[in-house]
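K.L.:
Sharing protein-v6.cif, mmCIF, C-alpha atoms:
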```
data_model
#
loop_
_atom_site.group_PDB
_atom_site.id
_atom_site.type_symbol
_atom_site.label_atom_id
_atom_site.label_comp_id
_atom_site.auth_asym_id
_atom_site.auth_seq_id
_atom_site.Cartn_x
_atom_site.Cartn_y
_atom_site.Cartn_z
ATOM 1 C CA MET D 1 186.566 100.250 247.513
ATOM 2 C CA ARG D 2 186.653 97.067 249.559
ATOM 3 C CA LYS D 3 189.987 95.597 250.497
ATOM 4 C CA SER D 4 191.006 92.158 249.383
ATOM 5 C CA LEU D 5 190.414 89.518 252.041
ATOM 6 C CA THR D 6 192.047 86.107 252.105
ATOM 7 C CA SER D 7 190.453 83.123 253.788
ATOM 8 C CA LYS D 8 191.792 79.624 254.262
ATOM 9 C CA SER D 9 189.878 76.398 254.628
ATOM 10 C CA MET D 10 190.906 72.808 255.133
ATOM 11 C CA GLU D 11 189.908 70.274 252.526
ATOM 12 C CA GLY D 12 191.248 66.878 253.443
ATOM 13 C CA CYS D 13 194.785 67.649 254.554
ATOM 14 C CA ALA D 14 195.488 70.429 252.040
ATOM 15 C CA MET D 15 195.047 74.114 252.818
ATOM 16 C CA ILE D 16 192.949 75.949 250.233
ATOM 17 C CA GLU D 17 193.214 79.710 249.997
ATOM 18 C CA TYR D 18 190.507 81.981 248.627
ATOM 19 C CA THR D 19 190.680 85.690 247.955
ATOM 20 C CA PHE D 20 187.549 87.823 248.321
ATOM 21 C CA ARG D 21 187.585 91.167 246.515
ATOM 22 C CA ASP D 22 185.596 93.648 244.480
ATOM 23 C CA ALA D 23 184.866 92.399 241.003
ATOM 24 C CA ALA D 24 186.810 94.140 238.263
ATOM 25 C CA GLU D 25 185.745 94.570 234.659
ATOM 26 C CA GLU D 26 188.258 91.928 233.601
ATOM 27 C CA ASP D 27 186.389 89.442 235.846
ATOM 28 C CA VAL D 28 183.222 89.692 233.752
ATOM 29 C CA PRO D 29 184.098 86.756 231.429
ATOM 30 C CA LYS D 30 185.080 84.623 234.446
ATOM 31 C CA ILE D 31 181.815 85.449 236.262
ATOM 32 C CA ILE D 32 179.783 84.679 233.142
ATOM 33 C CA ASN D 33 181.680 81.402 232.748
ATOM 34 C CA LEU D 34 181.010 80.448 236.390
ATOM 35 C CA LEU D 35 177.288 81.095 235.998
ATOM 36 C CA ASN D 36 177.086 79.401 232.589
ATOM 37 C CA GLU D 37 178.884 76.302 233.868
ATOM 38 C CA THR D 38 176.503 75.838 236.760
ATOM 39 C CA ILE D 39 173.120 77.404 235.957
ATOM 40 C CA GLU D 40 171.487 74.221 234.695
ATOM 41 C CA GLU D 41 172.849 72.178 237.617
ATOM 42 C CA VAL D 42 171.684 74.754 240.156
ATOM 43 C CA TYR D 43 168.337 75.743 238.636
ATOM 44 C CA GLY D 44 167.506 72.931 236.213
ATOM 45 C CA GLN D 45 165.187 71.230 238.703
ATOM 46 C CA ILE D 46 163.673 74.498 239.935
ATOM 47 C CA LEU D 47 162.827 76.570 236.873
ATOM 48 C CA PRO D 48 160.688 75.577 233.893
ATOM 49 C CA GLU D 49 162.851 74.831 230.841
ATOM 50 C CA ASP D 50 161.340 77.657 228.785
ATOM 51 C CA ARG D 51 162.245 80.157 231.538
ATOM 52 C CA LEU D 52 165.747 78.787 232.100
ATOM 53 C CA LYS D 53 166.677 78.709 228.407
ATOM 54 C CA PRO D 54 167.255 82.499 227.932
ATOM 55 C CA TRP D 55 169.703 82.354 230.865
ATOM 56 C CA ALA D 56 171.391 79.064 229.997
ATOM 57 C CA GLU D 57 171.541 79.497 226.228
ATOM 58 C CA GLY D 58 170.780 83.143 225.550
ATOM 59 C CA ASP D 59 172.345 86.494 226.299
ATOM 60 C CA GLN D 60 170.342 87.364 229.436
ATOM 61 C CA LEU D 61 172.987 86.147 231.880
ATOM 62 C CA SER D 62 175.808 87.904 230.034
ATOM 63 C CA SER D 63 173.813 91.120 229.834
ATOM 64 C CA ASP D 64 173.006 91.061 233.554
ATOM 65 C CA VAL D 65 176.637 90.488 234.565
ATOM 66 C CA ASN D 66 177.862 93.234 232.220
ATOM 67 C CA ASN D 67 175.326 95.649 233.739
ATOM 68 C CA SER D 68 176.007 94.844 237.390
ATOM 69 C CA TRP D 69 179.602 93.635 237.864
ATOM 70 C CA GLN D 70 180.365 96.876 239.731
ATOM 71 C CA ASN D 71 178.083 95.642 242.538
ATOM 72 C CA MET D 72 179.780 92.251 242.810
ATOM 73 C CA ILE D 73 182.335 90.625 245.062
ATOM 74 C CA VAL D 74 184.225 87.609 243.779
ATOM 75 C CA ALA D 75 185.881 84.718 245.542
ATOM 76 C CA GLU D 76 188.795 83.326 243.638
ATOM 77 C CA LYS D 77 191.201 80.480 244.037
ATOM 78 C CA ALA D 78 194.396 80.395 241.981
ATOM 79 C CA GLY D 79 192.997 83.098 239.666
ATOM 80 C CA GLU D 80 189.742 81.225 239.031
ATOM 81 C CA VAL D 81 186.461 82.868 240.070
ATOM 82 C CA VAL D 82 184.651 80.174 242.079
ATOM 83 C CA ALA D 83 181.905 82.288 243.651
ATOM 84 C CA VAL D 84 180.246 85.675 243.383
ATOM 85 C CA ALA D 85 177.864 87.826 245.411
ATOM 86 C CA ALA D 86 176.110 91.071 244.522
ATOM 87 C CA ARG D 87 174.474 93.856 246.488
ATOM 88 C CA PHE D 88 172.023 96.528 245.358
ATOM 89 C CA ASP D 89 171.268 99.026 248.134
ATOM 90 C CA ASN D 90 169.848 96.818 250.923
ATOM 91 C CA LEU D 91 169.172 93.852 248.623
ATOM 92 C CA VAL D 92 171.397 90.784 248.474
ATOM 93 C CA GLY D 93 171.006 90.255 244.758
ATOM 94 C CA LEU D 94 173.090 87.142 244.376
ATOM 95 C CA VAL D 95 175.206 84.631 246.274
ATOM 96 C CA TRP D 96 176.463 81.985 243.866
ATOM 97 C CA VAL D 97 179.074 79.351 244.660
ATOM 98 C CA HIS D 98 180.234 76.821 242.083
ATOM 99 C CA PRO D 99 178.906 73.406 243.217
ATOM 100 C CA ALA D 100 182.466 72.016 243.309
ATOM 101 C CA HIS D 101 183.321 74.629 245.965
ATOM 102 C CA GLN D 102 180.173 74.499 248.085
ATOM 103 C CA ARG D 103 180.350 73.596 251.771
ATOM 104 C CA GLU D 104 183.775 75.215 252.130
ATOM 105 C CA GLY D 105 182.512 78.394 253.819
ATOM 106 C CA ILE D 106 182.795 80.588 250.724
ATOM 107 C CA GLY D 107 179.098 81.479 250.621
ATOM 108 C CA SER D 108 179.146 82.370 254.316
ATOM 109 C CA VAL D 109 182.098 84.725 253.855
ATOM 110 C CA LEU D 110 180.491 86.366 250.814
ATOM 111 C CA LEU D 111 177.157 86.807 252.597
ATOM 112 C CA ASP D 112 178.903 88.232 255.673
ATOM 113 C CA ILE D 113 180.729 90.770 253.471
ATOM 114 C CA VAL D 114 177.506 91.811 251.718
ATOM 115 C CA GLU D 115 175.620 92.116 255.027
ATOM 116 C CA MET D 116 178.438 94.252 256.462
ATOM 117 C CA GLU D 117 178.364 96.543 253.420
ATOM 118 C CA ILE D 118 174.595 96.937 253.652
ATOM 119 C CA LYS D 119 174.903 97.834 257.331
ATOM 120 C CA LYS D 120 177.788 100.270 256.664
ATOM 121 C CA SER D 121 175.601 101.955 254.035
ATOM 122 C CA GLY D 122 173.102 102.843 256.751
ATOM 123 C CA TYR D 123 170.498 100.139 256.278
ATOM 124 C CA GLY D 124 169.271 98.311 259.368
ATOM 125 C CA MET D 125 167.431 95.654 257.389
ATOM 126 C CA ALA D 126 168.578 93.563 254.442
ATOM 127 C CA LYS D 127 166.377 91.701 251.957
ATOM 128 C CA LEU D 128 166.843 88.877 249.497
ATOM 129 C CA ALA D 129 164.744 86.521 247.425
ATOM 130 C CA CYS D 130 165.385 82.802 247.085
ATOM 131 C CA PHE D 131 163.508 80.298 244.963
ATOM 132 C CA SER D 132 161.238 78.336 247.285
ATOM 133 C CA ASP D 133 162.338 75.001 245.800
ATOM 134 C CA ASN D 134 166.053 75.750 246.262
ATOM 135 C CA ASP D 135 166.229 73.731 249.474
ATOM 136 C CA ARG D 136 169.982 74.018 249.996
ATOM 137 C CA ALA D 137 169.950 77.817 249.637
ATOM 138 C CA MET D 138 166.860 78.162 251.827
ATOM 139 C CA ARG D 139 168.553 76.175 254.629
ATOM 140 C CA PHE D 140 171.735 78.239 254.190
ATOM 141 C CA TYR D 141 169.920 81.573 254.605
ATOM 142 C CA LEU D 142 167.779 80.366 257.507
ATOM 143 C CA ASP D 143 170.908 79.048 259.261
ATOM 144 C CA LYS D 144 172.528 82.475 258.745
ATOM 145 C CA GLY D 145 169.675 84.197 260.629
ATOM 146 C CA TRP D 146 167.433 85.236 257.750
ATOM 147 C CA LYS D 147 163.651 85.218 258.360
ATOM 148 C CA LEU D 148 160.837 84.461 255.930
ATOM 149 C CA LEU D 149 158.794 87.539 255.058
ATOM 150 C CA SER D 150 156.553 86.457 252.190
ATOM 151 C CA GLU D 151 156.175 84.117 249.252
ATOM 152 C CA GLU D 152 155.778 85.564 245.779
ATOM 153 C CA ILE D 153 155.815 84.429 242.189
ATOM 154 C CA ASN D 154 158.871 85.577 240.263
ATOM 155 C CA GLU D 155 157.171 86.367 236.942
ATOM 156 C CA GLU D 156 160.424 86.405 234.955
ATOM 157 C CA ALA D 157 161.488 82.966 236.212
ATOM 158 C CA GLY D 158 158.005 81.481 236.471
ATOM 159 C CA ALA D 159 158.710 80.088 239.935
ATOM 160 C CA SER D 160 157.798 80.723 243.530
ATOM 161 C CA GLU D 161 160.348 82.566 245.650
ATOM 162 C CA MET D 162 160.635 83.397 249.309
ATOM 163 C CA VAL D 163 161.375 86.992 250.235
ATOM 164 C CA MET D 164 163.579 87.013 253.315
ATOM 165 C CA THR D 165 164.837 89.726 255.654
ATOM 166 C CA LYS D 166 167.522 90.082 258.257
ATOM 167 C CA THR D 167 167.914 92.786 260.869
ATOM 168 C CA LEU D 168 171.483 94.058 260.755
ATOM 169 C CA THR D 169 171.427 96.347 263.777
ATOM 170 C CA LYS D 170 171.256 95.250 267.380
ATOM 171 C CA LYS D 171 168.415 96.674 269.470
ATOM 172 C CA GLY D 172 169.531 99.082 272.146
ATOM 173 C CA ARG D 173 172.665 100.112 270.274
ATOM 174 C CA CYS D 174 173.314 103.381 268.473
#
```
Starting from the coordinates I provided, produce the structure as structure tokens.
P.N.:
Amino acid sequence: MRKSLTSKSMEGCAMIEYTFRDAAEEDVPKIINLLNETIEEVYGQILPEDRLKPWAEGDQLSSDVNNSWQNMIVAEKAGEVVAVAARFDNLVGLVWVHPAHQREGIGSVLLDIVEMEIKKSGYGMAKLACFSDNDRAMRFYLDKGWKLLSEEINEEAGASEMVMTKTLTKKGRC
């Protein structure tokens, strides 16, 4: 079990405090709400409407969160889940920050936690996939040291995605 981690950031002159911790089953409705509130804003310009609809209006999103919350880390502020990340073996499955809380360092902290967990699990290389047209996310991952491996079509989403990797071990070290 991961320990709870608190991080502070400055927004204007006020100090904002976030807590990063393992997701708990009682977080599931909050995670679903976060994703439901923002999915169309985040992916509306990237995914075809017919492919986005089962996530935005159907049960697919809820089903996925219910099946994988045990692999998630949440960032919360004042009891509200504002971001989430997920890991599956050496795959970063998800880093999602509510648009109102982007550019506050939350995504960086979540990604750092996931990368550390992947490394601690014995993997020297991490992978993720990011929609090719998600310019902000692509810049974020590239700035965090991720490298492009290949471009593929995500059949479920009907969109192109970039598969990216990052070496988590330093050469010459045990």
K.L.:
Which one is closest to Pro54 of chain D: D:Leu110, D:Asn36, D:Asp133, D:Val92? Count only C-alpha atoms.
P.N.:
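When distances to Pro54 of chain D are compared using only C-alpha atoms, the smallest one comes from D:Asn36.
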K.L.:
Grab the atom CA of Thr38 of chain D to atom CA of Glu151 of chain D distance for me, in Å with one decimal place.
P.N.:
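Computing the Euclidean distance for atom CA of Thr38 of chain D and atom CA of Glu151 of chain D yields 25.3 Å.
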K.L.:
Choose the residue, out of D:Tyr43, D:Trp55, D:Tyr141, D:Trp96, that has the smallest atom-to-atom separation from Lys166 of chain D; count only C-alpha atoms.
P.N.:
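Among the listed residues, D:Tyr141 lies closest to Lys166 of chain D.
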K.L.:
Point out the residue among D:Val74, D:Gln60, D:Phe20, D:Thr167 with the least atom-to-atom distance to Gly124 of chain D, counting all atoms listed in the file.
P.N.:
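The answer is D:Thr167, which sits nearest to Gly124 of chain D.
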K.L.:
Written as a list of chain:residue names, what is the full residue list that the PyMOL selection byres ((chain D and resi 44) around 12) yields on the file shown?
P.N.:
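What the PyMOL selection byres ((chain D and resi 44) around 12) grabs from the file is D:Thr38, D:Ile39, D:Glu40, D:Glu41, D:Val42, D:Tyr43, D:Gln45, D:Ile46, D:Leu47, D:Pro48, D:Glu49, D:Asp50, D:Arg51, D:Leu52, D:Lys53, D:Trp55, D:Ala56, D:Asp133, D:Asn134, D:Ala157, D:Ala159.
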K.L.:
For the PyMOL selection byres ((chain D and resi 122) around 10), applied here, can you spell out every residue it catches as a list in words?
P.N.:
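Written out, the selection comes to Asp89, Asn90, Glu117, Ile118, Lys119, Lys120, Ser121, Tyr123, Gly124, Met125, Leu168 and Thr169 of chain D.
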K.L.:
By how many Å are atom CA of Leu128 of chain D and atom CA of Glu76 of chain D apart?
P.N.:
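Distance between the two atoms: 23.4 Å.
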K.L.:
Go through D:Cys130, D:Met138, D:Val65, D:Leu35 and flag the residue nearest Val82 of chain D, using all atoms listed in the file for the distances.
P.N.:
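Comparing D:Cys130, D:Met138, D:Val65, D:Leu35 against Val82 of chain D, the winner is D:Leu35.
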K.L.:
What is the distance, in Å and to one decimal place, between atom CA of Gln70 of chain D and atom CA of Leu148 of chain D?
P.N.:
28.2 Å
K.L.:
List as a ChimeraX atom specification the protein and nucleic acid residues near Asp64 of chain D, meaning an atom at most 12 Å away when all atoms listed in the file are counted, but skip any in the same chain fewer than 3 places from it.
P.N.:
/D:28,31-32,35,54-55,58-61,67-72,86,93-94
K.L.:
Can you give me, as an MDAnalysis selection string, the residues this file yields under the PyMOL selection byres ((chain D and resi 73) around 6)?
P.N.:
chainID D and resid 21:23 72 74 84:85
K.L.:
Which residues come within 12 Å of Ala137 of chain D, counting all atoms listed in the file, excluding same-chain residues fewer than 2 positions away, as a JSON list (two decimals) with C-alpha atoms, in the frame of the given file?
P.N.:
```json
[["chain", "number", "residue", "atom", "x", "y", "z"],
["D", 42, "VAL", "CA", 171.68, 74.75, 240.16],
["D", 43, "TYR", "CA", 168.34, 75.74, 238.64],
["D", 94, "LEU", "CA", 173.09, 87.14, 244.38],
["D", 95, "VAL", "CA", 175.21, 84.63, 246.27],
["D", 96, "TRP", "CA", 176.46, 81.98, 243.87],
["D", 97, "VAL", "CA", 179.07, 79.35, 244.66],
["D", 99, "PRO", "CA", 178.91, 73.41, 243.22],
["D", 102, "GLN", "CA", 180.17, 74.50, 248.08],
["D", 103, "ARG", "CA", 180.35, 73.60, 251.77],
["D", 107, "GLY", "CA", 179.10, 81.48, 250.62],
["D", 108, "SER", "CA", 179.15, 82.37, 254.32],
["D", 111, "LEU", "CA", 177.16, 86.81, 252.60],
["D", 128, "LEU", "CA", 166.84, 88.88, 249.50],
["D", 129, "ALA", "CA", 164.74, 86.52, 247.42],
["D", 130, "CYS", "CA", 165.38, 82.80, 247.08],
["D", 131, "PHE", "CA", 163.51, 80.30, 244.96],
["D", 132, "SER", "CA", 161.24, 78.34, 247.28],
["D", 133, "ASP", "CA", 162.34, 75.00, 245.80],
["D", 134, "ASN", "CA", 166.05, 75.75, 246.26],
["D", 135, "ASP", "CA", 166.23, 73.73, 249.47],
["D", 139, "ARG", "CA", 168.55, 76.18, 254.63],
["D", 140, "PHE", "CA", 171.74, 78.24, 254.19],
["D", 141, "TYR", "CA", 169.92, 81.57, 254.60],
["D", 142, "LEU", "CA", 167.78, 80.37, 257.51],
["D", 143, "ASP", "CA", 170.91, 79.05, 259.26],
["D", 144, "LYS", "CA", 172.53, 82.48, 258.74],
["D", 146, "TRP", "CA", 167.43, 85.24, 257.75],
["D", 161, "GLU", "CA", 160.35, 82.57, 245.65],
["D", 162, "MET", "CA", 160.64, 83.40, 249.31],
["D", 164, "MET", "CA", 163.58, 87.01, 253.32]]
```
K.L.:
Find the residues around Ala78 of chain D up to 9 Å (all atoms listed in the file counted), leave out those fewer than 5 positions away in its own chain, and share them as a list in words.
P.N.:
Glu17, Tyr18 and Thr19 of chain D
K.L.:
Mind checking which residues fall within 6 Å of His98 of chain D, counting all atoms listed in the file, ignoring those fewer than 2 positions away in the same chain, and posting them as a PyMOL selection string?
P.N.:
chain D and resi 82-83+100-101
K.L.:
Could you work out an axis-aligned bounding box for all listed atoms of segment 94-105 of chain D, with 6 Å added on each of the six sides, and give its centre and edge lengths in Å to one decimal, as lines of an AutoDock Vina configuration file?
P.N.:
```
center_x = 178.4
center_y = 79.6
center_z = 248.0
size_x = 22.7
size_y = 27.1
size_z = 23.7
```
